[in-house]
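Here's the structure, in structure tokens; my notes come after.
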Amino acid sequence: MTRSQADLDDLTPDTFTPERTRPILEVASRLAGFDATGAELLRHHTNAVYLLASEPVVIKIGRPGEQEPIDVVGLVRWLEARQVPTVPLADAEQPIDIAGCGITYWRYLPQNDVIVSAGDIADPLGRLHARETWPPLLLPEDHLASAFDAITRSIQASTILSPDDRQSLEVRRDELVEQLDAITFDLPPSLIHGDAHHRNTLWDNKGLRSVLCDWESAAIGQPEWDLVTVEVHCRRFEHPAIEYPEFVRRYGLDIREWSGYPWLRDVRELRMITTNARKSAPGSANADEVLRRIGALREGVAIGWNIM
């Protein structure tokens with residue numbers, strides 16, 4: 001039995017759970033003419049992502065309470081028109097809002113156990129960065145300032161941090177902010193993905209090329225941000241050692257050779273830690289992983305990270 005849209009109370013970050021997003025899925029499916037029966041939950045962290053059983057369609061339910069979202073639908077249509085490899089939108093009127101959550105519909109791309117490696121991210125990312133024009137959309141432009149703002153908001157909003165954890169993260173943030181004026185970027189600003197890594201890259205439905213997905217973090221900013229994101233994921237999540245050199249070969253630049261790499265690496269990692277601190281529930285496995293990362297950061301110990 002489904003619930004009407006009027007019956008759904010607005011969700012909050014604390015009530016963004018599979019039990020609460022399933023009714024939203026049912027309404028979103030019905031409004032687009034789809035059947036939600038048997039839909040499979042693929043992921044429930046930053047967003048709730050459901051795969052329909054009746055159609056090769058993925059419905060993404062955005063987390064409520066985020067900053068004003070960008071026009072992802074408009075951006076993807078702009079990218080598709082310019083042959084930037086991206087996951088395609090499904091044929092539905094979108095985006096829509098249900099219970100305070102942004103809803104988008106996407107074509108499902110079966111992966112058939114084919115693994116995406118870091119090198120596979122290089123081509124679509126390079127095509128994105130090479131765009132000489134930017135879309136006529138409202139996109140964040142002061143990307144680094146936005147990153148530090150997000151770090152601050154996440155520290156303040158997290159419910160899993162002890163006073164000591166909170167203080168150590170704030171001190172680390174302040175140190176990195178103070179160093180910003182001394183950083184000189186080598187690459188010109190461009191359209192960036194904002195969160196380019198293995199899990200945000202898929203194979204197209206023919207298995208012939210890799211495409212980017214999850215565009216919610218797109219912005220006008222420094223391409224170095226995307227490049228260091230790939231490097232951080234390769235190193236911290238302990239992907240095979242050959243992967244990052246292959247990415248460098250195919251993209252044509254090794255971010256580690258840039259003088260500002262250690263600083264941007266630390267900013268990126270702090271952003272990842274604090275974002276997950278905000279999204280993790282007390283006592284959960286995700287919270288344990290975040291606190292483990294914070295402990296290692298405080299002690300200056302380099303550790304591998306578990307994927308959340």
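Starting from 1 in every chain, residues are counted up; chains themselves are A, B, ... following the order of the structure tokens, and ligands are numbered from 1 as listed.
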
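When the distance limit is 10 Å and only C-alpha atoms are what count, the residues near Arg236 (chain A), minus those fewer than 5 positions from it on the same chain, are Glu231, Glu269, Ala302, Ile303, Gly304, Trp305, Asn306 and Ile307 of chain A.
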
Listing only residues of region 116-230 of chain A within 12 Å of region 259-267 of chain A, what is the closest atom pair and its distance in Å (to one decimal) for each, using only C-alpha atoms, sorted by chain and residue number ascending, as a tab-separated table?
```
residue	atom	partner	partner_atom	distance
A:Leu144	CA	A:Val267	CA	9.2
A:Ala145	CA	A:Val267	CA	11.2
A:Ser146	CA	A:Val267	CA	11.9
A:Ala147	CA	A:Val267	CA	8.4
A:Phe148	CA	A:Val267	CA	8.3
A:Asp149	CA	A:Val267	CA	11.8
A:Ala150	CA	A:Val267	CA	11.3
A:Ile151	CA	A:Val267	CA	9.2
A:Leu169	CA	A:Val267	CA	11.2
A:Arg172	CA	A:Val267	CA	9.1
A:Arg173	CA	A:Val267	CA	7.9
A:Asp174	CA	A:Val267	CA	10.7
A:Glu175	CA	A:Trp263	CA	10.0
A:Leu176	CA	A:Val267	CA	6.8
A:Val177	CA	A:Val267	CA	9.0
A:Glu178	CA	A:Trp263	CA	10.9
A:Gln179	CA	A:Trp263	CA	7.9
A:Leu180	CA	A:Trp263	CA	8.4
A:Asp181	CA	A:Gly260	CA	11.1
A:Ala182	CA	A:Gly260	CA	8.9
A:Ile183	CA	A:Gly260	CA	5.9
A:Thr184	CA	A:Gly260	CA	7.0
A:Phe185	CA	A:Gly260	CA	7.3
A:Asp186	CA	A:Gly260	CA	9.2
A:Leu187	CA	A:Gly260	CA	11.7
A:Gln222	CA	A:Leu264	CA	10.7
A:Pro223	CA	A:Leu264	CA	11.5
A:Glu224	CA	A:Leu264	CA	8.2
A:Trp225	CA	A:Leu264	CA	7.4
A:Asp226	CA	A:Leu264	CA	10.5
A:Leu227	CA	A:Arg265	CA	9.8
A:Val228	CA	A:Arg265	CA	6.1
A:Thr229	CA	A:Arg265	CA	7.8
A:Val230	CA	A:Arg265	CA	10.3
```

Filtered DSSP result for region 37-276 of chain A, state alpha helix (DSSP H), as a ChimeraX atom specification
/A:72-81,118-129,143-157,163-179,223-236,243-251,261-276

Taking the DSSP assignment computed from this structure's backbone, write out as a VMD selection string all residues of region 39-190 of chain A that belong to strand (DSSP E or B).
chain A and resid 40 to 44 47 to 51 57 to 62 86 89 96 to 98 101 to 107 190

Selection file, C-alpha atoms, as a PDB file, in the first residue's frame:
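Resulting contents of again02.pdb:
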```
ATOM      1  CA  GLU A  40      16.140  -2.689  -4.716  1.00  0.00           C
ATOM      2  CA  LEU A  41      17.966  -0.305  -2.388  1.00  0.00           C
ATOM      3  CA  LEU A  42      21.435   0.139  -3.882  1.00  0.00           C
ATOM      4  CA  ARG A  43      22.829   2.707  -1.466  1.00  0.00           C
ATOM      5  CA  HIS A  44      21.650   4.815   1.450  1.00  0.00           C
ATOM      6  CA  ASN A  47      21.513   9.863  -1.111  1.00  0.00           C
ATOM      7  CA  ALA A  48      19.011   7.034  -1.176  1.00  0.00           C
ATOM      8  CA  VAL A  49      19.424   5.192  -4.466  1.00  0.00           C
ATOM      9  CA  TYR A  50      16.820   2.657  -5.599  1.00  0.00           C
ATOM     10  CA  LEU A  51      16.784   0.413  -8.678  1.00  0.00           C
ATOM     11  CA  VAL A  57      15.573   3.074 -13.985  1.00  0.00           C
ATOM     12  CA  VAL A  58      17.357   4.312 -10.871  1.00  0.00           C
ATOM     13  CA  ILE A  59      15.553   6.788  -8.629  1.00  0.00           C
ATOM     14  CA  LYS A  60      17.774   8.975  -6.489  1.00  0.00           C
ATOM     15  CA  ILE A  61      16.343  10.614  -3.379  1.00  0.00           C
ATOM     16  CA  GLY A  62      18.483  13.506  -2.190  1.00  0.00           C
ATOM     17  CA  THR A  86      27.837  11.088 -18.155  1.00  0.00           C
ATOM     18  CA  LEU A  89      18.783  10.774 -17.379  1.00  0.00           C
ATOM     19  CA  ILE A  96      10.788  17.087  -8.324  1.00  0.00           C
ATOM     20  CA  ASP A  97      10.575  17.583  -4.576  1.00  0.00           C
ATOM     21  CA  ILE A  98       8.897  15.155  -2.199  1.00  0.00           C
ATOM     22  CA  CYS A 101      13.993  15.633  -0.785  1.00  0.00           C
ATOM     23  CA  GLY A 102      15.076  16.293  -4.356  1.00  0.00           C
ATOM     24  CA  ILE A 103      14.136  13.437  -6.690  1.00  0.00           C
ATOM     25  CA  THR A 104      15.900  12.577  -9.943  1.00  0.00           C
ATOM     26  CA  TYR A 105      15.482   9.669 -12.369  1.00  0.00           C
ATOM     27  CA  TRP A 106      18.372   7.957 -14.173  1.00  0.00           C
ATOM     28  CA  ARG A 107      18.881   5.215 -16.729  1.00  0.00           C
ATOM     29  CA  SER A 190      37.248  24.892 -14.992  1.00  0.00           C
TER      30      SER A 190
END
```

Name the residues in contact with region 109-111 of chain A at a cut-off of 7 Å, using only C-alpha atoms, excluding same-chain residues fewer than 6 positions from it; report them as a short mmCIF file (atom, residue, chain, number, x, y, z; two decimals) with C-alpha atoms, in the first residue's frame.
```cif
data_model
loop_
_atom_site.label_atom_id
_atom_site.label_comp_id
_atom_site.auth_asym_id
_atom_site.auth_seq_id
_atom_site.Cartn_x
_atom_site.Cartn_y
_atom_site.Cartn_z
CA TRP A 203 30.53 1.84 -17.58
CA ASP A 204 27.95 2.82 -20.18
CA ASN A 205 25.26 0.34 -21.23
#
```

Can I get the residues of region 48-103 of chain A within 8 Å of region 129-139 of chain A, each with the closest pair of atoms and their distance in Å to one decimal, using only C-alpha atoms, sorted chain first then ascending number, as JSON lines?
```
{"residue": "A:Ile70", "atom": "CA", "partner": "A:Leu139", "partner_atom": "CA", "distance": 6.3}
{"residue": "A:Asp71", "atom": "CA", "partner": "A:Leu137", "partner_atom": "CA", "distance": 7.2}
{"residue": "A:Gly74", "atom": "CA", "partner": "A:Leu137", "partner_atom": "CA", "distance": 7.6}
{"residue": "A:Leu75", "atom": "CA", "partner": "A:Pro135", "partner_atom": "CA", "distance": 7.0}
{"residue": "A:Trp78", "atom": "CA", "partner": "A:Pro135", "partner_atom": "CA", "distance": 6.6}
```

Just write the chosen residues, N, CA, C and O atoms, as a short mmCIF file (atom, residue, chain, number, x, y, z; two decimals), in the first residue's frame.
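The new file result.cif reads:
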```
data_model
loop_
_atom_site.label_atom_id
_atom_site.label_comp_id
_atom_site.auth_asym_id
_atom_site.auth_seq_id
_atom_site.Cartn_x
_atom_site.Cartn_y
_atom_site.Cartn_z
N ILE A 70 22.35 22.25 -6.73
CA ILE A 70 22.54 22.76 -8.07
C ILE A 70 21.54 22.10 -9.01
O ILE A 70 20.90 21.10 -8.66
N ASP A 71 21.40 22.64 -10.21
CA ASP A 71 20.50 22.08 -11.21
C ASP A 71 21.21 20.92 -11.90
O ASP A 71 21.77 21.06 -12.99
N GLY A 74 19.73 20.02 -15.41
CA GLY A 74 20.17 20.95 -16.43
C GLY A 74 21.63 20.76 -16.78
O GLY A 74 22.03 20.85 -17.96
N LEU A 75 22.47 20.50 -15.77
CA LEU A 75 23.89 20.30 -16.01
C LEU A 75 24.13 19.06 -16.86
O LEU A 75 24.91 19.10 -17.82
N TRP A 78 23.27 19.59 -20.42
CA TRP A 78 24.29 20.42 -21.04
C TRP A 78 25.52 19.59 -21.37
O TRP A 78 26.10 19.71 -22.45
#
```
